[in-house]
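Heads up, protein-v9.cif below (mmCIF, C-alpha atoms):
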```cif
data_data
loop_
_atom_site.label_atom_id
_atom_site.label_comp_id
_atom_site.auth_asym_id
_atom_site.auth_seq_id
_atom_site.Cartn_x
_atom_site.Cartn_y
_atom_site.Cartn_z
CA MET B 1 0.00 0.00 0.00
CA GLY B 2 1.27 3.44 -0.93
CA ARG B 3 2.14 6.40 1.20
CA THR B 4 -0.60 8.51 2.77
CA VAL B 5 -0.97 11.79 0.93
CA VAL B 6 -0.94 14.69 3.37
CA GLU B 7 -1.76 18.16 2.01
CA LEU B 8 -0.81 21.30 3.88
CA PHE B 9 -2.85 24.37 2.96
CA TYR B 10 -0.97 27.42 4.25
CA ASP B 11 -0.38 31.13 3.96
CA VAL B 12 2.86 32.75 5.11
CA ILE B 13 0.94 35.40 7.04
CA SER B 14 -0.16 32.64 9.42
CA PRO B 15 2.36 31.94 12.19
CA TYR B 16 0.74 28.69 13.27
CA SER B 17 1.03 27.53 9.67
CA TRP B 18 4.78 27.94 10.02
CA LEU B 19 4.78 25.59 13.01
CA ALA B 20 2.75 22.98 11.14
CA PHE B 21 5.01 23.40 8.11
CA GLU B 22 8.26 22.81 10.01
CA ALA B 23 6.88 19.87 11.97
CA LEU B 24 5.52 18.23 8.81
CA CYS B 25 8.80 18.88 6.95
CA ARG B 26 10.49 16.81 9.65
CA TYR B 27 7.85 14.11 9.63
CA GLN B 28 7.89 13.69 5.85
CA HIS B 29 11.14 11.75 6.35
CA ILE B 30 9.84 9.70 9.26
CA TRP B 31 6.19 8.94 8.62
CA ASN B 32 5.09 7.01 5.57
CA ILE B 33 3.53 10.09 3.99
CA ASP B 34 3.66 11.99 0.74
CA LEU B 35 3.64 15.61 1.92
CA ARG B 36 2.21 18.14 -0.53
CA PHE B 37 2.44 21.86 -0.05
CA ARG B 38 -0.70 23.77 -1.07
CA PRO B 39 -0.03 27.48 -0.89
CA ALA B 40 -3.41 29.17 -0.47
CA PHE B 41 -4.79 32.55 0.55
CA LEU B 42 -5.97 32.92 4.14
CA GLY B 43 -7.76 36.17 3.32
CA GLY B 44 -9.98 34.27 0.90
CA ILE B 45 -10.83 31.63 3.49
CA MET B 46 -11.70 34.24 6.10
CA GLN B 47 -13.89 36.10 3.66
CA GLN B 48 -15.76 33.00 2.46
CA THR B 49 -16.41 31.56 5.89
CA GLY B 50 -17.01 34.77 7.83
CA ASN B 51 -14.24 33.78 10.22
CA LYS B 52 -12.18 36.46 11.91
CA PRO B 53 -8.53 36.39 12.95
CA PRO B 54 -8.37 34.83 16.42
CA GLY B 55 -6.45 37.78 17.84
CA MET B 56 -9.43 40.03 17.39
CA LEU B 57 -10.88 38.86 20.70
CA PRO B 58 -8.66 40.96 23.02
CA LYS B 59 -8.10 38.38 25.75
CA ARG B 60 -7.41 35.70 23.20
CA GLY B 61 -5.04 38.04 21.38
CA GLU B 62 -3.04 38.56 24.57
CA TYR B 63 -2.95 34.84 25.17
CA LEU B 64 -1.88 34.04 21.61
CA VAL B 65 1.24 36.21 21.94
CA LYS B 66 2.35 34.03 24.88
CA ASP B 67 1.15 30.81 23.24
CA MET B 68 3.07 31.56 20.08
CA LYS B 69 6.31 32.23 22.03
CA ARG B 70 6.09 28.94 23.88
CA MET B 71 4.98 26.92 20.88
CA ALA B 72 7.75 28.42 18.71
CA LYS B 73 10.31 27.47 21.34
CA TYR B 74 8.92 23.95 21.70
CA TYR B 75 8.71 23.48 17.94
CA GLN B 76 12.18 25.04 17.53
CA VAL B 77 10.99 27.56 14.96
CA PRO B 78 12.71 31.00 15.09
CA LEU B 79 9.44 32.87 15.23
CA ARG B 80 9.65 36.17 17.14
CA MET B 81 6.54 37.66 18.62
CA ILE B 82 6.13 41.38 19.06
CA PRO B 83 3.46 42.56 21.50
CA ASP B 84 1.13 43.80 18.79
CA ALA B 85 1.86 40.91 16.46
CA PHE B 86 -1.74 40.16 15.66
CA GLN B 87 -2.60 43.80 15.03
CA HIS B 88 0.49 43.96 12.83
CA ILE B 89 -0.62 41.16 10.56
CA MET B 90 -4.15 42.47 10.30
CA GLY B 91 -2.75 45.51 8.49
CA THR B 92 -0.73 43.42 6.05
CA SER B 93 -1.73 41.55 2.92
CA SER B 94 -0.12 38.30 1.88
CA LEU B 95 -1.77 38.20 -1.54
CA THR B 96 1.31 39.12 -3.57
CA ALA B 97 3.54 36.81 -1.53
CA MET B 98 1.16 33.87 -1.99
CA ARG B 99 0.88 34.60 -5.72
CA PHE B 100 4.67 34.67 -5.97
CA ILE B 101 4.90 31.35 -4.12
CA THR B 102 2.20 29.98 -6.42
CA ALA B 103 4.19 31.06 -9.48
CA ILE B 104 7.21 29.18 -8.14
CA ASP B 105 5.03 26.17 -7.33
CA MET B 106 3.91 26.12 -10.96
CA THR B 107 7.38 26.52 -12.49
CA ASN B 108 10.04 25.41 -10.02
CA PRO B 109 8.40 23.47 -7.18
CA GLN B 110 11.76 22.36 -5.81
CA TYR B 111 12.04 25.86 -4.33
CA LEU B 112 8.65 25.80 -2.66
CA GLU B 113 9.86 24.63 0.73
CA PRO B 114 12.84 26.99 1.13
CA LEU B 115 10.94 29.90 -0.40
CA SER B 116 7.95 29.53 1.91
CA ARG B 117 10.32 29.32 4.86
CA GLU B 118 12.08 32.49 3.75
CA PHE B 119 8.77 34.37 3.59
CA TRP B 120 7.92 33.25 7.12
CA MET B 121 11.38 34.33 8.21
CA ARG B 122 10.74 37.81 6.84
CA PHE B 123 7.23 38.14 8.26
CA TRP B 124 7.82 36.47 11.58
CA SER B 125 11.50 36.43 12.37
CA GLN B 126 14.26 38.97 12.37
CA VAL B 127 16.53 36.51 10.68
CA ALA B 128 16.13 36.55 6.93
CA ARG B 129 18.22 34.29 4.80
CA GLN B 130 18.37 33.61 1.12
CA ALA B 131 16.02 31.03 -0.38
CA GLY B 132 18.44 30.26 -3.16
CA LEU B 133 16.48 31.70 -6.05
CA SER B 134 18.51 33.33 -8.73
CA ALA B 135 17.78 36.99 -9.47
CA GLU B 136 16.52 35.96 -12.89
CA LEU B 137 14.12 33.38 -11.57
CA SER B 138 12.84 35.75 -8.91
CA GLN B 139 12.20 38.42 -11.50
CA LYS B 140 10.36 36.00 -13.75
CA ALA B 141 8.19 34.76 -10.92
CA LEU B 142 7.48 38.32 -9.84
CA GLU B 143 6.24 39.13 -13.34
CA MET B 144 4.01 36.07 -13.25
CA THR B 145 2.32 37.07 -9.99
CA SER B 146 -0.20 39.29 -11.72
CA SER B 147 -0.89 36.86 -14.57
CA PRO B 148 -4.30 35.15 -14.81
CA PRO B 149 -2.93 31.58 -14.56
CA VAL B 150 -1.21 32.34 -11.26
CA LYS B 151 -4.16 34.26 -9.85
CA ASP B 152 -6.48 31.44 -10.85
CA ARG B 153 -4.23 28.77 -9.42
CA LEU B 154 -4.12 30.49 -6.03
CA LYS B 155 -7.87 30.97 -6.10
CA ASP B 156 -8.45 27.32 -7.01
CA THR B 157 -6.20 26.04 -4.24
CA THR B 158 -8.00 28.25 -1.75
CA THR B 159 -11.35 26.96 -2.98
CA GLU B 160 -10.12 23.41 -2.54
CA ALA B 161 -9.21 24.10 1.07
CA LEU B 162 -12.72 25.49 1.60
CA LYS B 163 -14.20 22.42 -0.07
CA TYR B 164 -12.45 20.22 2.50
CA GLY B 165 -14.08 22.30 5.24
CA ALA B 166 -11.24 24.64 6.13
CA PHE B 167 -12.22 27.81 8.01
CA GLY B 168 -8.68 28.92 8.86
CA MET B 169 -5.07 27.86 8.62
CA PRO B 170 -3.08 25.69 8.81
CA ALA B 171 -5.47 23.18 7.27
CA VAL B 172 -3.99 19.71 6.84
CA VAL B 173 -5.85 17.10 4.80
CA ALA B 174 -4.79 13.46 5.07
CA HIS B 175 -6.13 11.06 2.46
CA TYR B 176 -6.60 7.83 4.35
CA ASP B 177 -8.91 4.87 4.00
CA GLY B 178 -10.35 6.30 0.82
CA GLU B 179 -11.42 9.63 2.29
CA PRO B 180 -10.07 13.05 3.14
CA HIS B 181 -9.57 13.91 6.82
CA LEU B 182 -9.29 17.57 7.73
CA PHE B 183 -7.14 18.65 10.68
CA PHE B 184 -7.11 22.30 11.65
CA GLY B 185 -4.19 23.73 13.59
CA SER B 186 -0.55 23.01 14.26
CA ASP B 187 -1.74 21.23 17.41
CA ARG B 188 -3.57 18.43 15.61
CA LEU B 189 -0.52 16.65 14.18
CA GLU B 190 -0.39 14.10 17.00
CA LEU B 191 -4.04 13.28 16.27
CA LEU B 192 -3.36 13.12 12.53
CA GLY B 193 -0.63 10.61 13.25
CA SER B 194 -2.96 8.46 15.31
CA VAL B 195 -5.58 8.48 12.55
CA ILE B 196 -3.10 7.38 9.86
CA GLY B 197 -1.38 4.83 12.09
CA GLU B 198 1.79 6.74 12.92
CA LYS B 199 3.42 7.64 16.22
CA TRP B 200 3.92 11.23 17.35
CA LEU B 201 7.44 11.81 18.60
CA GLY B 202 6.99 15.45 19.55
CA PRO B 203 7.52 18.50 17.33
CA VAL B 204 11.26 17.89 16.92
CA PRO B 205 11.64 14.16 16.26
CA SER B 206 15.05 12.58 15.86
CA PRO B 207 15.65 11.91 12.18
CA LYS B 208 15.14 8.30 11.13
CA LEU B 209 18.46 6.59 10.53
CA MET L 210 11.58 21.12 45.25
CA GLY L 211 7.84 20.42 45.60
CA ARG L 212 5.32 19.34 43.04
CA THR L 213 4.15 21.80 40.41
CA VAL L 214 0.63 22.96 41.19
CA VAL L 215 -1.59 22.61 38.13
CA GLU L 216 -5.10 24.07 38.29
CA LEU L 217 -7.83 23.01 35.90
CA PHE L 218 -10.69 25.51 35.48
CA TYR L 219 -13.58 23.68 33.86
CA ASP L 220 -17.31 23.54 33.27
CA VAL L 221 -19.09 20.27 32.43
CA ILE L 222 -20.85 21.95 29.53
CA SER L 223 -17.45 22.13 27.80
CA PRO L 224 -16.54 18.94 25.91
CA TYR L 225 -12.89 19.90 25.43
CA SER L 226 -12.72 20.40 29.19
CA TRP L 227 -13.61 16.72 29.55
CA LEU L 228 -10.65 15.77 27.36
CA ALA L 229 -8.27 17.92 29.40
CA PHE L 230 -9.77 16.52 32.63
CA GLU L 231 -9.27 12.86 31.71
CA ALA L 232 -5.76 13.41 30.35
CA LEU L 233 -4.73 15.35 33.47
CA CYS L 234 -6.33 12.73 35.75
CA ARG L 235 -3.98 10.22 34.16
CA TYR L 236 -0.95 12.50 34.35
CA GLN L 237 -1.45 13.36 38.01
CA HIS L 238 -0.02 9.92 38.77
CA ILE L 239 2.86 10.23 36.32
CA TRP L 240 4.03 13.83 36.33
CA ASN L 241 5.33 15.49 39.47
CA ILE L 242 2.25 17.69 39.76
CA ASP L 243 -0.38 18.58 42.34
CA LEU L 244 -3.55 18.65 40.25
CA ARG L 245 -6.31 20.91 41.56
CA PHE L 246 -9.81 20.93 40.16
CA ARG L 247 -11.38 24.41 39.88
CA PRO L 248 -15.02 24.07 38.88
CA ALA L 249 -16.00 27.39 37.28
CA PHE L 250 -18.83 28.74 35.16
CA LEU L 251 -18.21 29.09 31.45
CA GLY L 252 -21.25 31.34 31.24
CA GLY L 253 -19.30 33.87 33.28
CA ILE L 254 -16.53 33.87 30.67
CA MET L 255 -18.49 33.69 27.45
CA GLN L 256 -22.04 33.22 26.15
CA GLN L 257 -22.71 29.72 27.39
CA THR L 258 -25.40 29.03 29.97
CA GLY L 259 -27.23 25.83 30.85
CA SER L 260 -24.74 24.41 33.31
CA LEU L 261 -25.25 26.89 36.15
CA THR L 262 -27.04 24.55 38.56
CA ALA L 263 -24.71 21.68 37.76
CA MET L 264 -21.62 23.79 38.40
CA ARG L 265 -23.14 25.11 41.65
CA PHE L 266 -23.83 21.53 42.73
CA ILE L 267 -20.26 20.55 41.91
CA THR L 268 -19.06 23.60 43.84
CA ALA L 269 -21.11 22.57 46.88
CA ILE L 270 -19.48 19.15 46.81
CA ASP L 271 -16.05 20.75 46.35
CA MET L 272 -16.71 22.76 49.54
CA THR L 273 -17.97 19.86 51.66
CA ASN L 274 -16.77 16.54 50.22
CA PRO L 275 -13.99 17.19 47.70
CA GLN L 276 -13.15 13.48 47.45
CA TYR L 277 -16.19 13.18 45.18
CA LEU L 278 -15.16 16.01 42.87
CA GLU L 279 -13.42 13.86 40.26
CA PRO L 280 -16.06 11.10 39.90
CA LEU L 281 -18.92 13.61 40.11
CA SER L 282 -17.51 15.85 37.37
CA ARG L 283 -16.94 12.79 35.23
CA GLU L 284 -20.55 11.64 35.69
CA PHE L 285 -21.86 15.04 34.60
CA TRP L 286 -19.80 14.84 31.40
CA MET L 287 -20.94 11.27 30.82
CA ARG L 288 -24.55 12.26 31.14
CA PHE L 289 -24.30 15.39 29.02
CA TRP L 290 -21.69 14.48 26.41
CA SER L 291 -21.97 10.72 26.22
CA GLN L 292 -25.63 9.96 26.93
CA HIS L 293 -26.87 13.38 25.74
CA GLU L 294 -29.30 13.76 28.62
CA ASP L 295 -30.33 16.75 30.69
CA ILE L 296 -28.19 17.96 33.58
CA SER L 297 -30.14 21.08 34.47
CA GLN L 298 -33.17 19.64 36.29
CA PRO L 299 -32.73 18.91 40.02
CA GLU L 300 -34.00 15.34 39.73
CA ASN L 301 -31.41 14.66 37.03
CA ILE L 302 -28.64 16.20 39.10
CA LEU L 303 -29.55 13.78 41.90
CA VAL L 304 -29.29 10.88 39.46
CA VAL L 305 -25.81 12.02 38.44
CA ALA L 306 -24.77 12.33 42.08
CA ARG L 307 -25.94 8.79 42.85
CA GLN L 308 -24.04 7.53 39.80
CA ALA L 309 -20.92 9.15 41.24
CA GLY L 310 -21.34 7.28 44.50
CA LEU L 311 -22.80 10.02 46.68
CA SER L 312 -25.37 8.94 49.25
CA ALA L 313 -28.97 10.12 48.83
CA GLU L 314 -28.57 12.21 51.97
CA LEU L 315 -25.40 13.95 50.80
CA SER L 316 -26.85 14.53 47.33
CA GLN L 317 -29.98 16.16 48.76
CA LYS L 318 -27.94 18.33 51.11
CA ALA L 319 -25.68 19.52 48.28
CA LEU L 320 -28.73 20.24 46.12
CA GLU L 321 -30.15 22.47 48.84
CA MET L 322 -26.83 24.26 49.09
CA THR L 323 -26.74 25.13 45.39
CA SER L 324 -28.93 28.20 45.84
CA SER L 325 -27.14 29.41 48.96
CA PRO L 326 -24.99 32.59 48.86
CA PRO L 327 -21.73 30.88 49.89
CA VAL L 328 -21.95 28.41 46.99
CA LYS L 329 -22.98 31.07 44.49
CA ASP L 330 -20.15 33.30 45.65
CA ARG L 331 -17.61 30.51 45.54
CA LEU L 332 -18.48 29.66 41.93
CA LYS L 333 -18.37 33.33 41.02
CA ASP L 334 -15.00 33.79 42.73
CA THR L 335 -13.45 30.78 41.00
CA THR L 336 -14.70 32.06 37.65
CA THR L 337 -13.25 35.49 38.40
CA GLU L 338 -9.94 33.86 39.23
CA ALA L 339 -9.88 32.10 35.86
CA LEU L 340 -10.52 35.47 34.18
CA LYS L 341 -7.74 37.03 36.28
CA TYR L 342 -5.31 34.48 34.85
CA GLY L 343 -6.38 35.59 31.35
CA ALA L 344 -8.87 32.83 30.51
CA PHE L 345 -11.29 33.56 27.65
CA GLY L 346 -12.68 30.05 27.38
CA MET L 347 -12.32 26.53 28.75
CA PRO L 348 -10.53 24.38 29.59
CA ALA L 349 -8.09 26.82 31.17
CA VAL L 350 -5.10 25.17 32.85
CA VAL L 351 -2.78 27.22 35.04
CA ALA L 352 0.60 25.77 36.02
CA HIS L 353 2.49 27.51 38.79
CA TYR L 354 6.11 27.16 37.80
CA ASP L 355 9.23 29.18 38.37
CA GLY L 356 7.35 31.52 40.65
CA GLU L 357 4.67 32.50 38.16
CA PRO L 358 1.36 31.30 36.74
CA HIS L 359 1.36 29.98 33.16
CA LEU L 360 -2.00 29.82 31.39
CA PHE L 361 -2.67 27.10 28.83
CA PHE L 362 -5.96 27.16 26.93
CA GLY L 363 -7.33 24.00 25.39
CA SER L 364 -7.07 20.27 25.78
CA ASP L 365 -4.42 20.40 23.06
CA ARG L 366 -1.86 22.35 25.10
CA LEU L 367 -1.00 19.62 27.61
CA GLU L 368 2.08 18.51 25.68
CA LEU L 369 3.32 22.10 25.74
CA LEU L 370 2.48 22.42 29.44
CA GLY L 371 4.62 19.36 30.04
CA SER L 372 7.55 20.84 28.16
CA VAL L 373 7.32 24.09 30.14
CA ILE L 374 7.31 22.30 33.51
CA GLY L 375 10.00 19.83 32.51
CA GLU L 376 7.83 16.76 31.93
CA LYS L 377 7.49 14.41 28.96
CA TRP L 378 4.24 13.99 27.05
CA LEU L 379 3.38 10.33 26.54
CA GLY L 380 0.21 10.86 24.54
CA PRO L 381 -3.33 11.27 25.88
CA VAL L 382 -3.49 7.72 27.30
CA PRO L 383 -0.14 7.13 29.00
CA SER L 384 0.69 3.79 30.58
CA PRO L 385 0.35 4.10 34.32
CA LYS L 386 3.64 4.50 36.21
CA LEU L 387 4.52 1.28 37.97
#
```

Please rewrite the model in this file as structure tokens.
Amino acid sequence: MGRTVVELFYDVISPYSWLAFEALCRYQHIWNIDLRFRPAFLGGIMQQTGNKPPGMLPKRGEYLVKDMKRMAKYYQVPLRMIPDAFQHIMGTSSLTAMRFITAIDMTNPQYLEPLSREFWMRFWSQVARQAGLSAELSQKALEMTSSPPVKDRLKDTTTEALKYGAFGMPAVVAHYDGEPHLFFGSDRLELLGSVIGEKWLGPVPSPKL
Amino acid sequence: MGRTVVELFYDVISPYSWLAFEALCRYQHIWNIDLRFRPAFLGGIMQQTGSLTAMRFITAIDMTNPQYLEPLSREFWMRFWSQHEDISQPENILVVARQAGLSAELSQKALEMTSSPPVKDRLKDTTTEALKYGAFGMPAVVAHYDGEPHLFFGSDRLELLGSVIGEKWLGPVPSPKL
């Protein structure tokens, strides 16, 4: 029997998506899964479902700043929280970034993982590194971001996430036993593992030898 | 150094609180913690009523016979979230109490106490304390570690709680320590 396909729908504006991303990147070499990155647009999901960013409830917003710090440390992700982090992201749009990532996904998917990570680094960390794209490739992808195929592709991926029942991000869909299983949140990976018959070894598992 | 005090603020109307409750009940025998149950009223934190009498009854038992707190809370969850039956009517609350092993006499006494000022105040005070820690929902778990309180919201933050207090998460159904 083949590997379980696990799709990660994410947007780089979402810090919890970064946690899910890094944990799943580690588990793709440990669990018997075929991990697929599905860059999508969180703004579109919020708009279609009527959901609001969690930080909008003041007490929850305060809590999330602390939660994010602890989770980032536990997950060993260099995410840095500023006190007004959730206000900060509410004033930012990730549409161009997600279109750029989509353009790379369509043309040079081998860069998808490092590129996504680099965007998270810029949004959510003070440490920015290079994703390894050549200036030429970056320029080409940048030109593509406003093209209809790229816009449509991002829209379609977002619609697919909604079709699976996503109302926020990260949304992870595991295809197991002939059906899709939606898991919302970076804190549902242990449960995902149990559903697909794998063992959770914490957010920073030792690599399989 | 003593055990880490871990407080669980919960309301039986909250299903995720039941998950946190059962997992912590298992971990109290494995982790070096002093688990304290803090029955509170979710309706005082957000729009969620229906469990007021039940939580007052649980509070009355917490004040007089705390040894019944764990089985009684569990029976309320069983009735509401497993059997999907009413927990608001007095006669049903008495049924739950009997299920939990309380005598008819004790159950009746606690039922009478539910509308008394001390019990109402106690439930209100516990709820206020949860809010003071920053709770905006339930379950709210507060671990007192390194001289300060650490709030964890949700049944899915127990692994993280463990890492903060220096304990290892062994999944939601750990093997009992021998």

Do me a favour and pick out the residues of chain L within 7 Å of chain B, using only C-alpha atoms, as a PyMOL selection string. chain L and resi 343+345+365

Could you pull the residues within 10 Å of Lys151 of chain B, counting all atoms listed in the file, minus those fewer than 3 positions along the same chain, as a list in words?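 Returned residues: Leu95, Thr96, Met98, Arg99, Phe100, Thr102, Ala103, Met144, Thr145, Ser146, Ser147, Pro148, Leu154, Lys155 and Asp156 of chain B.
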
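Taking only C-alpha atoms, the non-local environment of Glu279 of chain L within 9 Å (same-chain residues fewer than 3 positions away omitted) comprises Phe230, Cys234, Phe246, Pro275, Gln276, Ser282, Arg283, Glu284 and Ala309 of chain L.
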
Residues in the PyMOL selection byres ((chain B and resi 125) around 10), expressed as a VMD selection string: chain B and resid 77 to 82 118 to 124 126 to 128

Which is closer to Phe183 of chain B than all the others in B:Val195, B:Met106, B:Met46, B:Ala135, using only C-alpha atoms?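 Among the listed residues, the smallest separation from Phe183 of chain B belongs to B:Val195.
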
Can you tell me which residues surround Leu379 of chain L at a distance of at most 12 Å, considering all atoms listed in the file, apart from same-chain residues fewer than 4 positions away, and format the answer as a PDB file with C-alpha atoms, in the frame of the given file?
```pdb
ATOM      1  CA  GLU B 190      -0.390  14.100  17.000  1.00  0.00           C
ATOM      2  CA  LYS B 199       3.420   7.640  16.220  1.00  0.00           C
ATOM      3  CA  TRP B 200       3.920  11.230  17.350  1.00  0.00           C
ATOM      4  CA  LEU B 201       7.440  11.810  18.600  1.00  0.00           C
ATOM      5  CA  GLY B 202       6.990  15.450  19.550  1.00  0.00           C
TER       6      GLY B 202
ATOM      7  CA  ALA L 232      -5.760  13.410  30.350  1.00  0.00           C
ATOM      8  CA  LEU L 233      -4.730  15.350  33.470  1.00  0.00           C
ATOM      9  CA  ARG L 235      -3.980  10.220  34.160  1.00  0.00           C
ATOM     10  CA  TYR L 236      -0.950  12.500  34.350  1.00  0.00           C
ATOM     11  CA  ILE L 239       2.860  10.230  36.320  1.00  0.00           C
ATOM     12  CA  TRP L 240       4.030  13.830  36.330  1.00  0.00           C
ATOM     13  CA  LEU L 367      -1.000  19.620  27.610  1.00  0.00           C
ATOM     14  CA  GLU L 368       2.080  18.510  25.680  1.00  0.00           C
ATOM     15  CA  LEU L 369       3.320  22.100  25.740  1.00  0.00           C
ATOM     16  CA  GLY L 371       4.620  19.360  30.040  1.00  0.00           C
ATOM     17  CA  SER L 372       7.550  20.840  28.160  1.00  0.00           C
ATOM     18  CA  PRO L 383      -0.140   7.130  29.000  1.00  0.00           C
ATOM     19  CA  SER L 384       0.690   3.790  30.580  1.00  0.00           C
ATOM     20  CA  PRO L 385       0.350   4.100  34.320  1.00  0.00           C
ATOM     21  CA  LYS L 386       3.640   4.500  36.210  1.00  0.00           C
TER      22      LYS L 386
END
```
